[in-house]
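**Q** Here you go, model.cif (mmCIF, C-alpha atoms and all ligand atoms):
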```cif
data_entry
loop_
_atom_site.label_atom_id
_atom_site.label_comp_id
_atom_site.auth_asym_id
_atom_site.auth_seq_id
_atom_site.Cartn_x
_atom_site.Cartn_y
_atom_site.Cartn_z
CA MET A 1 -6.86 1.33 24.49
CA THR A 2 -6.63 4.54 22.48
CA PHE A 3 -5.69 5.62 18.98
CA SER A 4 -2.56 7.29 20.28
CA LEU A 5 0.54 5.89 18.61
CA GLU A 6 2.91 7.98 20.73
CA GLY A 7 6.19 6.12 21.22
CA LYS A 8 5.52 3.74 18.28
CA THR A 9 7.48 3.54 15.04
CA PHE A 10 6.06 2.64 11.61
CA VAL A 11 7.65 2.06 8.22
CA ILE A 12 5.72 3.59 5.32
CA MET A 13 6.57 2.16 1.91
CA GLY A 14 5.26 3.75 -1.30
CA VAL A 15 5.08 7.52 -0.99
CA ALA A 16 5.75 8.87 -4.51
CA ASN A 17 4.15 12.31 -4.18
CA LYS A 18 1.52 14.23 -2.22
CA ARG A 19 -1.31 12.32 -3.90
CA SER A 20 0.01 8.88 -2.88
CA ILE A 21 -2.23 6.81 -0.64
CA ALA A 22 0.89 6.16 1.47
CA TRP A 23 1.13 9.91 2.10
CA GLY A 24 -2.46 9.85 3.41
CA VAL A 25 -1.39 7.04 5.74
CA ALA A 26 1.68 9.06 6.80
CA ARG A 27 -0.39 12.12 7.67
CA SER A 28 -2.86 10.08 9.73
CA LEU A 29 -0.06 8.23 11.56
CA HIS A 30 1.71 11.53 12.23
CA LYS A 31 -1.49 13.01 13.69
CA ALA A 32 -1.72 10.01 16.01
CA GLY A 33 1.77 10.83 17.30
CA ALA A 34 3.71 8.00 15.63
CA LYS A 35 7.35 8.13 14.60
CA LEU A 36 7.69 7.53 10.85
CA ILE A 37 10.28 5.89 8.60
CA PHE A 38 9.78 6.30 4.83
CA THR A 39 11.05 4.03 2.07
CA TYR A 40 10.99 4.74 -1.66
CA GLY A 41 11.67 2.62 -4.73
CA LYS A 42 13.31 4.68 -7.46
CA GLU A 43 16.25 7.06 -6.83
CA ARG A 44 14.26 9.81 -8.48
CA THR A 45 11.51 9.52 -5.85
CA GLU A 46 13.84 10.37 -2.95
CA LYS A 47 13.63 14.15 -3.39
CA SER A 48 9.84 14.20 -3.33
CA VAL A 49 9.73 12.01 -0.18
CA ARG A 50 12.30 14.24 1.58
CA GLU A 51 10.32 17.38 0.69
CA LEU A 52 7.03 15.93 1.91
CA SER A 53 8.54 14.47 5.05
CA SER A 54 10.07 17.85 5.95
CA THR A 55 6.55 19.33 6.10
CA LEU A 56 5.77 17.12 9.13
CA GLU A 57 6.53 18.73 12.50
CA GLY A 58 8.97 17.15 14.90
CA GLU A 59 12.09 15.07 14.58
CA PRO A 60 13.08 14.46 10.93
CA ALA A 61 12.01 11.03 9.68
CA ILE A 62 14.46 8.34 8.55
CA ILE A 63 14.22 8.00 4.75
CA LEU A 64 15.70 4.99 2.93
CA GLN A 65 15.65 3.35 -0.47
CA CYS A 66 13.94 -0.04 -0.65
CA ASP A 67 13.54 -1.44 -4.15
CA VAL A 68 11.31 -4.44 -3.48
CA THR A 69 12.50 -6.26 -6.61
CA LYS A 70 15.92 -6.70 -4.94
CA ASP A 71 16.53 -8.90 -1.88
CA GLU A 72 19.73 -6.95 -1.06
CA SER A 73 17.81 -3.66 -1.08
CA ILE A 74 15.18 -5.02 1.35
CA GLU A 75 17.87 -6.55 3.61
CA LYS A 76 19.96 -3.38 3.65
CA CYS A 77 16.94 -1.18 4.29
CA PHE A 78 15.69 -3.19 7.30
CA ALA A 79 19.24 -3.61 8.67
CA THR A 80 19.59 0.20 8.62
CA ILE A 81 16.18 0.58 10.27
CA LYS A 82 17.31 -1.83 13.03
CA GLU A 83 20.51 0.17 13.55
CA GLU A 84 18.85 3.58 13.55
CA ALA A 85 15.44 2.91 15.15
CA GLY A 86 15.83 -0.38 17.04
CA ILE A 87 12.38 -1.92 16.90
CA ILE A 88 9.32 -1.06 14.83
CA HIS A 89 5.61 -1.59 15.51
CA GLY A 90 4.27 -1.86 12.01
CA VAL A 91 4.57 -1.44 8.26
CA ALA A 92 2.29 0.22 5.70
CA HIS A 93 2.97 -1.45 2.32
CA SER A 94 1.51 0.69 -0.48
CA ILE A 95 3.33 -0.62 -3.54
CA ALA A 96 2.19 -2.06 -6.88
CA PHE A 97 3.36 -2.07 -10.48
CA ALA A 98 2.32 -3.51 -13.84
CA ASN A 99 3.44 -2.59 -17.33
CA LYS A 100 1.17 0.09 -18.70
CA GLU A 101 0.46 -1.81 -21.92
CA GLU A 102 -0.93 -4.72 -19.91
CA LEU A 103 -3.48 -2.52 -18.13
CA ASP A 104 -5.48 -2.24 -21.33
CA GLY A 105 -6.94 -4.67 -23.85
CA ASP A 106 -7.49 -8.36 -23.15
CA PHE A 107 -6.03 -10.02 -20.04
CA VAL A 108 -5.46 -13.18 -22.08
CA ASN A 109 -2.62 -11.39 -23.90
CA THR A 110 -0.57 -10.83 -20.71
CA SER A 111 3.08 -11.81 -21.25
CA ARG A 112 4.93 -14.19 -18.91
CA GLU A 113 7.38 -11.41 -18.12
CA GLY A 114 4.62 -8.88 -17.40
CA PHE A 115 2.69 -11.36 -15.28
CA LEU A 116 5.77 -12.16 -13.17
CA LEU A 117 6.76 -8.50 -12.82
CA ALA A 118 3.30 -7.50 -11.57
CA HIS A 119 3.20 -10.39 -9.09
CA ASN A 120 6.80 -9.77 -7.96
CA ILE A 121 6.31 -6.09 -7.12
CA SER A 122 2.65 -6.13 -6.11
CA SER A 123 2.36 -9.38 -4.13
CA PHE A 124 5.66 -11.16 -3.38
CA SER A 125 7.09 -7.90 -2.03
CA LEU A 126 4.67 -8.17 0.92
CA THR A 127 6.05 -11.64 1.79
CA ALA A 128 9.66 -10.44 1.53
CA VAL A 129 8.99 -7.28 3.55
CA ALA A 130 7.06 -9.21 6.24
CA LYS A 131 10.04 -11.57 6.64
CA ALA A 132 12.48 -8.70 7.11
CA ALA A 133 10.13 -6.61 9.29
CA LYS A 134 9.27 -9.56 11.58
CA GLU A 135 12.85 -9.56 12.89
CA ILE A 136 12.47 -6.03 14.27
CA MET A 137 8.82 -6.27 15.42
CA THR A 138 9.82 -7.94 18.65
CA GLU A 139 6.99 -6.36 20.68
CA GLY A 140 4.41 -7.64 18.16
CA GLY A 141 3.13 -5.46 15.34
CA SER A 142 0.79 -4.82 12.47
CA ILE A 143 1.27 -4.88 8.71
CA VAL A 144 -1.18 -3.21 6.32
CA THR A 145 -1.23 -3.42 2.52
CA MET A 146 -3.38 -1.77 -0.16
CA THR A 147 -5.61 -3.73 -2.50
CA TYR A 148 -8.46 -3.05 -4.93
CA LEU A 149 -11.85 -4.64 -5.70
CA GLY A 150 -10.39 -5.84 -9.02
CA GLY A 151 -8.69 -8.60 -6.98
CA GLU A 152 -12.11 -10.04 -6.11
CA ARG A 153 -14.10 -9.24 -9.27
CA VAL A 154 -13.30 -8.70 -12.93
CA MET A 155 -12.95 -4.95 -13.56
CA PRO A 156 -12.29 -3.52 -17.06
CA ASN A 157 -8.57 -3.04 -17.81
CA TYR A 158 -7.35 -4.04 -14.33
CA ASN A 159 -6.21 -7.30 -15.94
CA VAL A 160 -2.91 -8.68 -14.59
CA MET A 161 -3.13 -6.32 -11.60
CA GLY A 162 -6.42 -8.00 -10.61
CA VAL A 163 -4.71 -11.38 -10.57
CA ALA A 164 -1.80 -9.89 -8.60
CA LYS A 165 -4.21 -8.35 -6.05
CA ALA A 166 -5.96 -11.74 -5.64
CA SER A 167 -2.51 -13.12 -4.85
CA LEU A 168 -1.81 -10.23 -2.47
CA GLU A 169 -5.08 -10.87 -0.61
CA ALA A 170 -4.23 -14.58 -0.20
CA ASN A 171 -0.72 -13.51 0.84
CA VAL A 172 -2.32 -11.48 3.67
CA ARG A 173 -4.17 -14.58 4.90
CA TYR A 174 -1.15 -16.92 4.81
CA LEU A 175 1.15 -14.33 6.41
CA SER A 176 -1.37 -13.60 9.16
CA SER A 177 -1.58 -17.33 9.89
CA ASP A 178 2.22 -17.61 10.18
CA LEU A 179 2.90 -14.41 12.08
CA GLY A 180 0.00 -14.54 14.55
CA LYS A 181 2.13 -16.54 16.99
CA ASP A 182 4.53 -13.59 17.15
CA ASN A 183 1.57 -11.24 17.79
CA ILE A 184 2.02 -9.71 14.35
CA ARG A 185 -1.23 -8.99 12.48
CA VAL A 186 -1.53 -8.66 8.70
CA ASN A 187 -4.48 -6.96 7.00
CA ALA A 188 -5.44 -5.30 3.72
CA ILE A 189 -7.39 -2.17 2.93
CA SER A 190 -9.36 -2.34 -0.30
CA ALA A 191 -9.46 1.31 -1.35
CA GLY A 192 -11.92 2.86 -3.76
CA PRO A 193 -10.40 4.59 -6.83
CA ILE A 194 -8.24 7.63 -5.96
CA ARG A 195 -6.50 9.87 -8.48
CA THR A 196 -2.79 9.15 -7.86
CA LEU A 197 0.34 8.91 -10.03
CA SER A 198 -0.36 5.19 -10.55
CA ALA A 199 -3.88 6.01 -11.75
CA LYS A 200 -2.54 8.58 -14.20
CA GLY A 201 -3.30 7.62 -17.75
CA VAL A 202 -6.11 5.26 -16.75
CA ARG A 203 -8.68 5.61 -19.47
CA ASP A 204 -12.13 6.78 -18.35
CA PHE A 205 -11.00 7.45 -14.76
CA ASN A 206 -13.55 10.29 -14.52
CA THR A 207 -16.31 7.91 -15.59
CA ILE A 208 -15.19 5.39 -12.94
CA LEU A 209 -15.27 8.11 -10.26
CA LYS A 210 -18.67 9.37 -11.42
CA LYS A 211 -20.16 5.86 -11.23
CA ILE A 212 -19.03 5.66 -7.60
CA GLU A 213 -20.54 9.06 -6.79
CA GLU A 214 -23.83 7.83 -8.25
CA GLU A 215 -23.92 4.23 -7.00
CA ALA A 216 -21.86 3.81 -3.84
CA PRO A 217 -23.91 3.82 -0.61
CA LEU A 218 -22.10 6.96 0.61
CA ARG A 219 -22.49 8.65 -2.83
CA ARG A 220 -18.92 9.98 -2.81
CA THR A 221 -15.44 8.86 -3.83
CA THR A 222 -12.74 7.67 -1.45
CA THR A 223 -10.09 10.04 -0.07
CA PRO A 224 -6.51 9.23 0.99
CA GLU A 225 -7.48 10.60 4.45
CA GLU A 226 -10.20 7.95 4.83
CA VAL A 227 -7.72 5.23 3.90
CA GLY A 228 -5.09 6.79 6.20
CA ASP A 229 -7.43 6.82 9.20
CA THR A 230 -8.39 3.17 8.65
CA ALA A 231 -4.69 2.33 8.39
CA VAL A 232 -4.13 4.01 11.78
CA PHE A 233 -6.90 1.81 13.22
CA LEU A 234 -5.36 -1.35 11.74
CA LEU A 235 -1.86 -0.36 12.85
CA SER A 236 -3.01 0.45 16.40
CA ASP A 237 -4.07 -1.83 19.27
CA MET A 238 -7.67 -0.75 18.69
CA SER A 239 -7.80 -3.46 16.02
CA ARG A 240 -5.93 -6.04 18.13
CA GLY A 241 -8.50 -8.78 17.43
CA ILE A 242 -8.33 -8.39 13.64
CA THR A 243 -5.94 -10.24 11.35
CA GLY A 244 -6.09 -11.76 7.85
CA GLU A 245 -8.88 -9.29 7.03
CA ASN A 246 -9.60 -7.11 4.01
CA ILE A 247 -11.43 -3.92 5.01
CA HIS A 248 -13.11 -2.05 2.15
CA VAL A 249 -12.65 1.72 2.40
CA ASP A 250 -14.65 2.48 -0.72
CA SER A 251 -17.84 4.30 0.33
CA GLY A 252 -19.45 0.85 0.41
CA TYR A 253 -19.19 0.37 -3.37
CA HIS A 254 -18.22 -3.32 -3.04
CA ILE A 255 -21.70 -4.29 -1.79
CA ILE A 256 -23.37 -3.00 -4.96
CA GLY A 257 -24.46 -5.28 -7.83
P1 LIG A 301 1.43 5.83 -6.21
O1 LIG A 301 1.86 5.87 -7.63
O2 LIG A 301 1.42 7.08 -5.45
O3 LIG A 301 2.26 4.74 -5.40
C1 LIG A 301 2.77 3.56 -5.97
C2 LIG A 301 4.09 3.32 -5.30
O4 LIG A 301 4.65 2.06 -5.68
C3 LIG A 301 5.13 4.38 -5.66
O5 LIG A 301 5.54 5.06 -4.50
C4 LIG A 301 6.28 3.57 -6.25
O6 LIG A 301 7.54 4.09 -5.87
C5 LIG A 301 6.05 2.22 -5.59
N1 LIG A 301 6.81 1.16 -6.27
C6 LIG A 301 6.63 0.66 -7.52
N2 LIG A 301 7.60 -0.24 -7.79
C7 LIG A 301 8.39 -0.32 -6.69
C8 LIG A 301 9.56 -1.06 -6.36
N3 LIG A 301 10.13 -1.92 -7.22
N4 LIG A 301 10.11 -0.91 -5.12
C9 LIG A 301 9.56 -0.04 -4.23
N5 LIG A 301 8.48 0.70 -4.49
C10 LIG A 301 7.90 0.57 -5.71
O7 LIG A 301 -0.05 5.18 -6.28
P2 LIG A 301 -1.13 4.76 -5.20
O8 LIG A 301 -0.93 5.51 -3.97
O9 LIG A 301 -2.41 4.82 -5.91
O10 LIG A 301 -0.79 3.21 -4.98
C11 LIG A 301 -0.47 2.64 -3.73
C12 LIG A 301 -1.16 1.30 -3.56
O11 LIG A 301 -2.56 1.49 -3.49
C13 LIG A 301 -0.94 0.30 -4.68
O12 LIG A 301 -0.80 -1.00 -4.13
C14 LIG A 301 -2.23 0.38 -5.47
O13 LIG A 301 -2.48 -0.79 -6.21
C15 LIG A 301 -3.20 0.56 -4.32
N6 LIG A 301 -4.53 1.04 -4.69
C16 LIG A 301 -4.68 2.22 -5.37
C17 LIG A 301 -5.93 2.67 -5.72
C18 LIG A 301 -6.13 3.94 -6.49
O14 LIG A 301 -7.23 4.17 -7.00
N7 LIG A 301 -5.14 4.82 -6.57
C19 LIG A 301 -7.15 1.90 -5.37
C20 LIG A 301 -6.86 0.70 -4.62
C21 LIG A 301 -5.61 0.29 -4.31
P3 LIG A 301 8.72 4.40 -6.96
O15 LIG A 301 8.07 5.17 -8.08
O16 LIG A 301 9.73 5.16 -6.18
O17 LIG A 301 9.21 3.06 -7.40
C1 LIG A 302 -9.70 -0.77 -13.08
C2 LIG A 302 -8.82 0.21 -12.90
C3 LIG A 302 -8.26 1.02 -14.04
C4 LIG A 302 -7.22 0.30 -14.90
C5 LIG A 302 -6.01 -0.21 -14.20
C6 LIG A 302 -5.12 0.49 -13.46
C7 LIG A 302 -4.12 -0.15 -12.63
C8 LIG A 302 -3.29 0.50 -11.85
C9 LIG A 302 -2.31 -0.14 -10.92
C10 LIG A 302 -0.85 -0.09 -11.28
C11 LIG A 302 -0.07 -0.13 -9.97
C12 LIG A 302 -0.46 1.13 -12.10
C13 LIG A 302 0.91 1.08 -12.70
O1 LIG A 302 1.69 0.18 -12.44
C14 LIG A 302 1.28 2.24 -13.60
C15 LIG A 302 2.63 2.06 -14.29
O2 LIG A 302 2.54 1.17 -15.37
C16 LIG A 302 3.10 3.43 -14.86
N1 LIG A 302 3.29 4.42 -13.80
C17 LIG A 302 4.48 4.59 -13.15
O3 LIG A 302 5.47 3.91 -13.40
C18 LIG A 302 4.52 5.64 -12.05
C19 LIG A 302 5.54 6.69 -12.41
C20 LIG A 302 4.83 4.92 -10.72
C21 LIG A 302 4.91 5.86 -9.55
O4 LIG A 302 3.76 4.00 -10.49
C22 LIG A 302 4.03 2.81 -9.88
N2 LIG A 302 2.94 2.04 -9.67
O5 LIG A 302 5.15 2.48 -9.55
C23 LIG A 302 -8.30 0.50 -11.52
C24 LIG A 302 -8.55 1.91 -11.01
C25 LIG A 302 -10.04 2.26 -11.06
C26 LIG A 302 -8.10 1.99 -9.51
C27 LIG A 302 -6.59 1.87 -9.34
C28 LIG A 302 -5.76 2.94 -9.94
C29 LIG A 302 -6.12 0.81 -8.64
C30 LIG A 302 -4.71 0.55 -8.27
O6 LIG A 302 -4.40 -0.61 -7.88
O7 LIG A 302 -3.87 1.47 -8.29
#
```
Give the structure from this file in structure tokens form.
Ligand code: NDP
Ligand code: N5H

**A**
Amino acid sequence: MTFSLEGKTFVIMGVANKRSIAWGVARSLHKAGAKLIFTYGKERTEKSVRELSSTLEGEPAIILQCDVTKDESIEKCFATIKEEAGIIHGVAHSIAFANKEELDGDFVNTSREGFLLAHNISSFSLTAVAKAAKEIMTEGGSIVTMTYLGGERVMPNYNVMGVAKASLEANVRYLSSDLGKDNIRVNAISAGPIRTLSAKGVRDFNTILKKIEEEAPLRRTTTPEEVGDTAVFLLSDMSRGITGENIHVDSGYHIIG
């Protein structure tokens, strides 16, 4: 077994710009020789994904819209992938959303609408994507999603997203139980804080990063490259005995206090 992913095809969902964790995953997968397919949510994201993708050497990647709030969008996207690529060997799901105003103040004030929106995009989307992807992972495969420590512990301001990540982490376990018989593995990476578009506007982000530099066992913050390389491991046969797991790529911060 090696880390080479030559001859394998992976769908990467959630590149918004060069800072996206999904772009870190894309670069690591590309280095390992994999063929990539990108999906984006909003129309306005397409240009950025096309520009980034064109910086990767080799055959141009397939790039498709997949708005995970719409069943038709997911169906159409995976039907096109089947037509254009045949089978796939894995999916990197790097998607989450909550209304900005609910990522501040007291969690108890979360609206029904905001709660459902966060859970729809950040957790249910993994179930819906796994169902569609399963049909074209006929040689077995691996699905990886991104979570955060706020799904296991109460973190200031993470609020409804923490509850959605707890759901996502349980989603990983139930999906891995279902899909194991098809030799499809499902795992999560719990990433340490990284300055991305989603993290923009988070109050005290510098303070959060500084605390990690001071307290995490490795005394440094997490990079998208570190997450990307772990994703390559989870998406490759090197991790063939691992499913339903949540691997923390966070400089070890989760073991502290
Ligand atoms: P980005 O903002 O770069 O990525 C978030 C992505 O979610 C965007 O590409 C966005 O695409 C996509 N998205 C949102 N709504 C939808 C939708 N309806 N359909 C399809 N795509 C959608 O931020 P990150 O890279 O930080 O986030 C990626 C993942 O990593 C998230 O799950 C996040 O919770 C997780 N994570 C992030 C950490 C961090 O510190 N940054 C730490 C731990 C986990 P579009 O705008 O086109 O809709
Ligand atoms: C404890 C914290 C800090 C407080 C909480 C931050 C939560 C962030 C997650 C969500 C995904 C951010 C989000 O939905 C932002 C949107 O409301 C506004 N942004 C957008 O719409 C942009 C344009 C698009 C691209 O974003 C999305 N998501 O579509 C957590 C931090 C220390 C770590 C962190 C930042 C975790 C995480 O899950 O991302």

**Q** Quote the spacing between CA of Lys181 in chain A and CA of Thr145 in chain A in Å to one decimal place.

**A**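 Computed distance, CA of Lys181 in chain A to CA of Thr145 in chain A, equals 19.8 Å.
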
**Q** Would you compute, for all listed atoms of range 109-117 of chain A, the axis-aligned bounding box grown by 4 Å on each side, and then report its centre and edge lengths in Å rounded to one decimal, as JSON?

**A**
```
{"center_x": 2.4, "center_y": -11.3, "center_z": -18.4, "size_x": 18.0, "size_y": 13.7, "size_z": 19.1}
```

**Q** Using all atoms listed in the file, which of the listed residues (A:Trp23, A:Tyr158, A:Tyr40, A:Tyr253) sits closest to ligand LIG 301 (chain A)?

**A** A:Tyr40

**Q** Quick check, in Å to one decimal: how far apart do CA of Ile87 in chain A and CA of Ala133 in chain A lie?

**A** 9.2 Å

**Q** Around the point (2.4, -16.4, 13.5), in the coordinates given by the file, pick out the residues reaching within 12 Å, counting all atoms listed in the file, and return them as a list in words.

**A** Ala130, Lys131, Lys134, Gly140, Gly141, Ser142, Val172, Arg173, Tyr174, Leu175, Ser176, Ser177, Asp178, Leu179, Gly180, Lys181, Asp182, Asn183, Ile184, Arg185, Val186, Thr243 and Gly244 of chain A

**Q** 8 Å from ligand LIG 302 (chain A) is the threshold here; counting only C-alpha atoms and all ligand atoms, which polymer residues fall inside it? Answer as an mmCIF file with C-alpha atoms, in the frame of the given file.

**A**
```cif
data_model
loop_
_atom_site.group_PDB
_atom_site.id
_atom_site.type_symbol
_atom_site.label_atom_id
_atom_site.label_comp_id
_atom_site.auth_asym_id
_atom_site.auth_seq_id
_atom_site.Cartn_x
_atom_site.Cartn_y
_atom_site.Cartn_z
ATOM 1 C CA ALA A 16 5.750 8.870 -4.510
ATOM 2 C CA ILE A 95 3.330 -0.620 -3.540
ATOM 3 C CA ALA A 96 2.190 -2.060 -6.880
ATOM 4 C CA PHE A 97 3.360 -2.070 -10.480
ATOM 5 C CA ALA A 98 2.320 -3.510 -13.840
ATOM 6 C CA ASN A 99 3.440 -2.590 -17.330
ATOM 7 C CA LYS A 100 1.170 0.090 -18.700
ATOM 8 C CA GLU A 101 0.460 -1.810 -21.920
ATOM 9 C CA LEU A 103 -3.480 -2.520 -18.130
ATOM 10 C CA ASP A 104 -5.480 -2.240 -21.330
ATOM 11 C CA ALA A 118 3.300 -7.500 -11.570
ATOM 12 C CA SER A 122 2.650 -6.130 -6.110
ATOM 13 C CA MET A 146 -3.380 -1.770 -0.160
ATOM 14 C CA THR A 147 -5.610 -3.730 -2.500
ATOM 15 C CA TYR A 148 -8.460 -3.050 -4.930
ATOM 16 C CA GLY A 150 -10.390 -5.840 -9.020
ATOM 17 C CA MET A 155 -12.950 -4.950 -13.560
ATOM 18 C CA PRO A 156 -12.290 -3.520 -17.060
ATOM 19 C CA ASN A 157 -8.570 -3.040 -17.810
ATOM 20 C CA TYR A 158 -7.350 -4.040 -14.330
ATOM 21 C CA ASN A 159 -6.210 -7.300 -15.940
ATOM 22 C CA MET A 161 -3.130 -6.320 -11.600
ATOM 23 C CA LYS A 165 -4.210 -8.350 -6.050
ATOM 24 C CA GLY A 192 -11.920 2.860 -3.760
ATOM 25 C CA PRO A 193 -10.400 4.590 -6.830
ATOM 26 C CA ILE A 194 -8.240 7.630 -5.960
ATOM 27 C CA ARG A 195 -6.500 9.870 -8.480
ATOM 28 C CA THR A 196 -2.790 9.150 -7.860
ATOM 29 C CA LEU A 197 0.340 8.910 -10.030
ATOM 30 C CA SER A 198 -0.360 5.190 -10.550
ATOM 31 C CA ALA A 199 -3.880 6.010 -11.750
ATOM 32 C CA LYS A 200 -2.540 8.580 -14.200
ATOM 33 C CA VAL A 202 -6.110 5.260 -16.750
ATOM 34 C CA ARG A 203 -8.680 5.610 -19.470
ATOM 35 C CA PHE A 205 -11.000 7.450 -14.760
ATOM 36 C CA ILE A 208 -15.190 5.390 -12.940
ATOM 37 C CA LEU A 209 -15.270 8.110 -10.260
#
```

**Q** Could you work out how far atom N4 of ligand LIG 301 (chain A) lies from CA of Ile74 in chain A, giving the answer in Å with one decimal?

**A**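 Straight-line distance from CA of Ile74 in chain A to atom N4 of ligand LIG 301 (chain A) works out to 9.2 Å.
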
**Q** Select, from A:Ser190, A:Asn206, A:Arg219, A:Cys77, the residue with the minimum atom-to-atom distance to His248 in chain A, counting all atoms listed in the file.

**A**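 Going through A:Ser190, A:Asn206, A:Arg219, A:Cys77 one by one, the smallest distance to His248 in chain A is for A:Ser190.
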
**Q** So which one's closest to ligand LIG 301 (chain A), A:Ser20, A:Ser48, A:Asn109, A:Thr230? Using all atoms listed in the file, please.

**A**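 Smallest distance to ligand LIG 301 (chain A) is found for A:Ser20.
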
**Q** From the options A:Thr55, A:Leu117, A:Thr9, A:Ala32, which residue's atoms come nearest to ligand LIG 301 (chain A), counting all atoms listed in the file?

**A**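 Closest candidate: A:Leu117.
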
**Q** Could N, CA and C atoms be built for range 52-64 of chain A and written out as a compact mmCIF listing (two decimals), in the frame of the given file?

**A**
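Below you can see out-v9.txt, which holds the result:
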```txt
# COMPACT_ATOMS: atom_id res chain seq x y z
N LEU A 52 8.30 16.15 1.20
CA LEU A 52 7.03 15.93 1.91
C LEU A 52 7.27 15.68 3.39
N SER A 53 8.25 14.83 3.66
CA SER A 53 8.54 14.47 5.05
C SER A 53 8.92 15.71 5.88
N SER A 54 9.62 16.65 5.23
CA SER A 54 10.07 17.85 5.95
C SER A 54 8.89 18.76 6.33
N THR A 55 7.72 18.51 5.73
CA THR A 55 6.55 19.33 6.10
C THR A 55 5.90 18.84 7.41
N LEU A 56 6.33 17.65 7.87
CA LEU A 56 5.77 17.12 9.13
C LEU A 56 6.57 17.69 10.30
N GLU A 57 5.84 18.16 11.32
CA GLU A 57 6.53 18.73 12.50
C GLU A 57 7.29 17.64 13.25
N GLY A 58 8.26 18.08 14.01
CA GLY A 58 8.97 17.15 14.90
C GLY A 58 10.28 16.67 14.32
N GLU A 59 10.80 15.65 14.98
CA GLU A 59 12.09 15.07 14.58
C GLU A 59 12.06 14.63 13.11
N PRO A 60 13.12 14.90 12.33
CA PRO A 60 13.08 14.46 10.93
C PRO A 60 12.99 12.93 10.81
N ALA A 61 12.21 12.48 9.85
CA ALA A 61 12.01 11.03 9.68
C ALA A 61 13.23 10.40 9.01
N ILE A 62 13.43 9.11 9.26
CA ILE A 62 14.46 8.34 8.55
C ILE A 62 13.88 8.04 7.16
N ILE A 63 14.69 8.24 6.12
CA ILE A 63 14.22 8.00 4.75
C ILE A 63 15.24 7.12 4.03
N LEU A 64 14.77 5.98 3.52
CA LEU A 64 15.70 4.99 2.93
C LEU A 64 15.16 4.45 1.62
```
